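Novice: Input: one structure, supplied below.
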Amino acid sequence: MLYRKFLPTRIFTGTEMLGPGNVLIADDQGGIEAIVPRQDAGDDIQTSDGIISPGFVNCHCHLELSHMRGLIPEATGLVDFVFKVVTERHHPDEAIAEAIQKAEQEMIDNGIVAVGDICNNLSTLPQKQKGRLHYYNFIEASGWLPEVAQTRFERSSSFLQAFTQIQNSNSKIQNSLSPHAPYSVSDRLWALMQPFFAGKTISIHNQETAFEDELFRSGSGDFTRMYELMKLDTSFFRPTGKSSLQSYLPKLKDAAEIILVHNTFTTQEDISFAKQSSPNVNWCICIKANRYIEQATPPVELLYRNGCNMVIGTDSLASNNSLDILDELKTIHRSFPAIPFTDLLQWATYNGARALQLQDRIGSFEKGKKPGLILISGLENGNLTERSAVTNLC
């Protein structure tokens, strides 16, 4: 078997940064063999200036919306953004398929090896069958009116069945049935979905706007306007008097891993509640999308200080100008420079792999894994700069 040997400035293993003088050895298929000192590595060593890291994990994406790139202006606010996605997402199948293919290639070029992808239809299935990336498909269910719960559940279940069929022949595919958001899933639909959570990673959009908590605390706020726009009768809804997170999180108690996405308006009280409720909560930051939609920044430093399990997502090309995890890390670094780059890298590699239950295959440099090898260059004193870039090595 042929082996490749890499001697970068430093090696990030997925959980720690190794000092200079270490060589990463991998086979020609990208399988990790070992990390050894330079003096034990022999000849034919490829040197490079930068950090070699496992490939990135994008824990939150909407690949099926890739054809909406640039169609929705910035700073609409979440309610108008959601309404535009619902009403303007329908395009010719050929255009959607082409955009999906290009977006996947963009992620590959940007060093991404695995994606937690939201699915409301089957449009991404043909591309995923090619096996170019690991996908954890979150087959999304939504339906705010109790009377549509059964119909919406059956529709999402049919999509889950279709994705499960390719899972049986493609080891890079995993799937689960996941709720869209607290404001779009009725109690009746929750009850239908809950038996499918056990052992799975479940994703849910969480506290992306302040109006979400207003809805659950008092039944007021801008979501009432959204329901009016969609001509939905919400007279059935009874506020819980608690935040949205505290209202729904116990319903996810059987999930193996929980990914809370966005968390833009999450508070200390909610973080404490989540830590007491479940050890398996992962907080997914999509900072560029939050700024695109709401002109808001999630409380990254607060989550970090609380020792939360952090992961990174890009959201969709309807709400972002790229599907690039390094761009997300740069944006976080600019806003929260005190957070060490090593921690940011762990969020984007090992933590993401663990949240998607892929840590036995990707996310870190351990013998037998094929986590992808990327070189991060353009650093200054070991930290990110605007010049930082990713190159795929294997």
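Ordering of the structure tokens sets the chain letters (A, B, ...); residue numbers start at 1 within each chain; ligands are numbered from 1 in the order shown.
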I need the residues in segment 150-376 of chain A that are alpha helix (DSSP H) according to DSSP; give them as a PyMOL selection string.
Specialist: chain A and resi 150-167+187-193+210-218+223-229+244-248+268-277+287-294+300-305+325-335+341-346+352-355
Novice: Using only C-alpha atoms, which residues sit within 6 Å of Tyr3 of chain A once same-chain residues fewer than 2 positions away are excluded, as a PyMOL selection string?
Specialist: chain A and resi 26-28
Novice: Could you write out that same residue set with N, CA and C atoms as a compact mmCIF listing (two decimals), in the first residue's frame?
Specialist:
# COMPACT_ATOMS: atom_id res chain seq x y z
N ALA A 26 -0.86 8.84 6.04
CA ALA A 26 -2.15 8.35 5.58
C ALA A 26 -1.95 7.51 4.33
N ASP A 27 -2.86 6.55 4.10
CA ASP A 27 -2.76 5.76 2.87
C ASP A 27 -3.33 6.55 1.70
N ASP A 28 -3.23 5.98 0.51
CA ASP A 28 -3.64 6.71 -0.69
C ASP A 28 -5.15 6.88 -0.81
Novice: Do you know which residues are at most 12 Å from segment 271-273 of chain A counting only C-alpha atoms, after dropping those on the same chain fewer than 2 positions away, and could you put them as a VMD selection string?
Specialist: chain A and resid 206 to 207 242 to 250 260 263 265 to 269 275 to 279 281 to 283 299 to 300 302 to 309
Novice: Could you save the residues just selected, with N, CA and C atoms, as a CSV table (one decimal), in the first residue's frame?
Specialist:
chain,number,residue,atom,x,y,z
A,206,ASN,N,-33.9,26.5,16.7
A,206,ASN,CA,-34.2,26.9,18.1
A,206,ASN,C,-34.0,28.4,18.3
A,207,GLN,N,-35.0,29.1,18.8
A,207,GLN,CA,-34.8,30.5,19.3
A,207,GLN,C,-34.1,31.4,18.3
A,242,LYS,N,-43.6,29.6,29.4
A,242,LYS,CA,-42.2,29.3,29.5
A,242,LYS,C,-41.6,29.7,28.1
A,243,SER,N,-40.3,29.7,28.1
A,243,SER,CA,-39.6,29.9,26.8
A,243,SER,C,-39.9,28.7,25.9
A,244,SER,N,-39.6,28.9,24.6
A,244,SER,CA,-39.9,27.9,23.6
A,244,SER,C,-39.0,26.7,23.9
A,245,LEU,N,-37.7,26.9,24.2
A,245,LEU,CA,-36.8,25.7,24.5
A,245,LEU,C,-37.4,24.9,25.7
A,246,GLN,N,-37.8,25.6,26.8
A,246,GLN,CA,-38.2,24.9,28.0
A,246,GLN,C,-39.6,24.2,27.7
A,247,SER,N,-40.3,24.7,26.7
A,247,SER,CA,-41.6,24.1,26.4
A,247,SER,C,-41.5,22.8,25.6
A,248,TYR,N,-40.4,22.7,24.7
A,248,TYR,CA,-40.4,21.5,23.8
A,248,TYR,C,-39.2,20.5,24.1
A,249,LEU,N,-38.1,21.0,24.8
A,249,LEU,CA,-37.0,20.1,24.9
A,249,LEU,C,-37.3,18.8,25.6
A,250,PRO,N,-38.1,18.7,26.6
A,250,PRO,CA,-38.4,17.4,27.2
A,250,PRO,C,-39.0,16.4,26.2
A,260,LEU,N,-29.5,21.8,18.5
A,260,LEU,CA,-30.3,23.0,18.5
A,260,LEU,C,-29.7,24.0,17.6
A,263,ASN,N,-30.1,29.4,17.8
A,263,ASN,CA,-29.9,29.8,19.2
A,263,ASN,C,-29.6,31.3,19.4
A,265,PHE,N,-31.3,33.9,20.2
A,265,PHE,CA,-31.8,34.6,21.4
A,265,PHE,C,-32.0,33.7,22.6
A,266,THR,N,-31.1,32.7,22.7
A,266,THR,CA,-31.0,31.8,23.9
A,266,THR,C,-30.4,32.5,25.1
A,267,THR,N,-31.0,32.3,26.2
A,267,THR,CA,-30.6,33.0,27.5
A,267,THR,C,-29.8,32.0,28.4
A,268,GLN,N,-29.2,32.6,29.4
A,268,GLN,CA,-28.6,31.7,30.5
A,268,GLN,C,-29.6,30.8,31.1
A,269,GLU,N,-30.8,31.2,31.3
A,269,GLU,CA,-31.8,30.4,31.9
A,269,GLU,C,-32.1,29.1,31.1
A,275,LYS,N,-28.8,22.0,30.0
A,275,LYS,CA,-27.8,21.2,30.6
A,275,LYS,C,-28.3,20.3,31.7
A,276,GLN,N,-29.3,20.7,32.4
A,276,GLN,CA,-30.0,19.9,33.4
A,276,GLN,C,-30.8,18.8,32.8
A,277,SER,N,-31.4,19.1,31.6
A,277,SER,CA,-32.4,18.2,31.0
A,277,SER,C,-31.7,17.1,30.2
A,278,SER,N,-30.6,17.4,29.5
A,278,SER,CA,-30.0,16.4,28.7
A,278,SER,C,-28.5,16.6,28.5
A,279,PRO,N,-27.7,15.6,28.6
A,279,PRO,CA,-26.2,15.7,28.3
A,279,PRO,C,-25.9,15.7,26.8
A,281,VAL,N,-27.2,17.6,24.3
A,281,VAL,CA,-27.6,18.8,23.5
A,281,VAL,C,-26.3,19.4,22.9
A,282,ASN,N,-26.4,19.6,21.6
A,282,ASN,CA,-25.4,20.3,20.8
A,282,ASN,C,-25.9,21.6,20.3
A,283,TRP,N,-25.2,22.7,20.4
A,283,TRP,CA,-25.6,24.0,20.0
A,283,TRP,C,-24.9,24.4,18.7
A,299,PRO,N,-25.4,34.2,21.0
A,299,PRO,CA,-24.6,34.4,22.2
A,299,PRO,C,-23.5,33.4,22.4
A,300,VAL,N,-22.5,33.4,21.4
A,300,VAL,CA,-21.5,32.4,21.3
A,300,VAL,C,-20.6,32.4,22.6
A,302,LEU,N,-21.4,33.3,25.6
A,302,LEU,CA,-22.2,32.8,26.7
A,302,LEU,C,-22.3,31.3,26.7
A,303,LEU,N,-22.5,30.7,25.5
A,303,LEU,CA,-22.5,29.2,25.4
A,303,LEU,C,-21.2,28.7,25.7
A,304,TYR,N,-20.1,29.3,25.2
A,304,TYR,CA,-18.8,28.8,25.5
A,304,TYR,C,-18.4,28.8,26.9
A,305,ARG,N,-18.8,29.9,27.6
A,305,ARG,CA,-18.5,30.0,29.1
A,305,ARG,C,-19.2,28.9,29.9
A,306,ASN,N,-20.4,28.5,29.3
A,306,ASN,CA,-21.1,27.4,30.0
A,306,ASN,C,-20.7,26.0,29.7
A,307,GLY,N,-19.6,25.9,28.9
A,307,GLY,CA,-19.1,24.6,28.5
A,307,GLY,C,-20.0,23.8,27.6
A,308,CYS,N,-20.8,24.5,26.8
A,308,CYS,CA,-21.8,23.8,25.9
A,308,CYS,C,-21.0,23.0,24.8
A,309,ASN,N,-21.7,22.0,24.3
A,309,ASN,CA,-21.2,21.3,23.1
A,309,ASN,C,-21.5,22.1,21.9
Novice: Which neighbours of segment 147-159 of chain A fall inside 12 Å, counting only C-alpha atoms, when residues of the same chain fewer than 5 positions from it are skipped, and could you give them as a ChimeraX atom specification?
Specialist: /A:118-125,137-142,164-166,175-180,184-194,196,232-234,236
Novice: Excluding segment 41-43 of chain A and any residue of its chain fewer than 6 positions from it, enumerate the residues within 10 Å of it, using only C-alpha atoms, and give them as a VMD selection string.
Specialist: chain A and resid 5 to 7 22 to 25 34 to 35
Novice: Using C-alpha atoms, can you export the residues from the last selection as a PDB file, in the first residue's frame?
Specialist:
ATOM      1  CA  LYS A   5       3.452  11.741   4.660  1.00  0.00           C
ATOM      2  CA  PHE A   6       2.570  15.299   5.658  1.00  0.00           C
ATOM      3  CA  LEU A   7       4.725  17.657   7.702  1.00  0.00           C
ATOM      4  CA  ASN A  22       5.011  15.825  13.750  1.00  0.00           C
ATOM      5  CA  VAL A  23       4.262  13.906  10.550  1.00  0.00           C
ATOM      6  CA  LEU A  24       0.809  12.626   9.630  1.00  0.00           C
ATOM      7  CA  ILE A  25       0.856   9.377   7.660  1.00  0.00           C
ATOM      8  CA  ALA A  34      -0.260   7.276  12.377  1.00  0.00           C
ATOM      9  CA  ILE A  35       1.195  10.539  13.639  1.00  0.00           C
TER      10      ILE A  35
END
Novice: How many Å separate atom CA of Leu344 of chain A from atom CA of Arg69 of chain A?
Specialist: 26.6 Å
Novice: Out of A:Ser66, A:Thr349, A:Gln357, A:Ser203, which residue has the shortest atom-to-atom distance to Ile173 of chain A when counting only C-alpha atoms?
Specialist: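 Going through A:Ser66, A:Thr349, A:Gln357, A:Ser203 one by one, the smallest distance to Ile173 of chain A is for A:Gln357.
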Novice: Run DSSP on the backbone and grab whatever in segment 75-302 of chain A lands in strand (DSSP E); send it over as a PyMOL selection string.
Specialist: chain A and resi 112-119+134-141+173-179+201-206+257-262+281-285
Novice: Hey, which of A:Ile32, A:Ile259, A:Met230, A:Val82 ends up closest to Asp117 of chain A? Count only C-alpha atoms.
Specialist: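 Residue with the minimum atom-to-atom distance to Asp117 of chain A: A:Ile259.
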Novice: For Leu133 of chain A, which residue out of A:Ile362, A:Leu375, A:Leu317, A:Leu78 is the nearest one, using only C-alpha atoms?
Specialist: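 The shortest atom-to-atom distance to Leu133 of chain A comes from A:Ile362.
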Novice: I'd like the neighbourhood of Gly14 of chain A as a list in words, where a residue qualifies if any of its atoms comes within 7 Å (using only C-alpha atoms), though same-chain residues fewer than 2 positions away should be ignored.
Specialist: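 Skipping anything fewer than 2 positions along the chain leaves Phe12, Glu16, Ser53, Pro54, Gln346, Thr349, Tyr350, Gly363, Ser364 and Phe365 of chain A.
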Novice: So how far away is atom CA of Ile51 of chain A from atom CA of Ile108 of chain A, in Å?
Specialist: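 Answer for the atom CA of Ile108 of chain A to atom CA of Ile51 of chain A separation: 18.2 Å.
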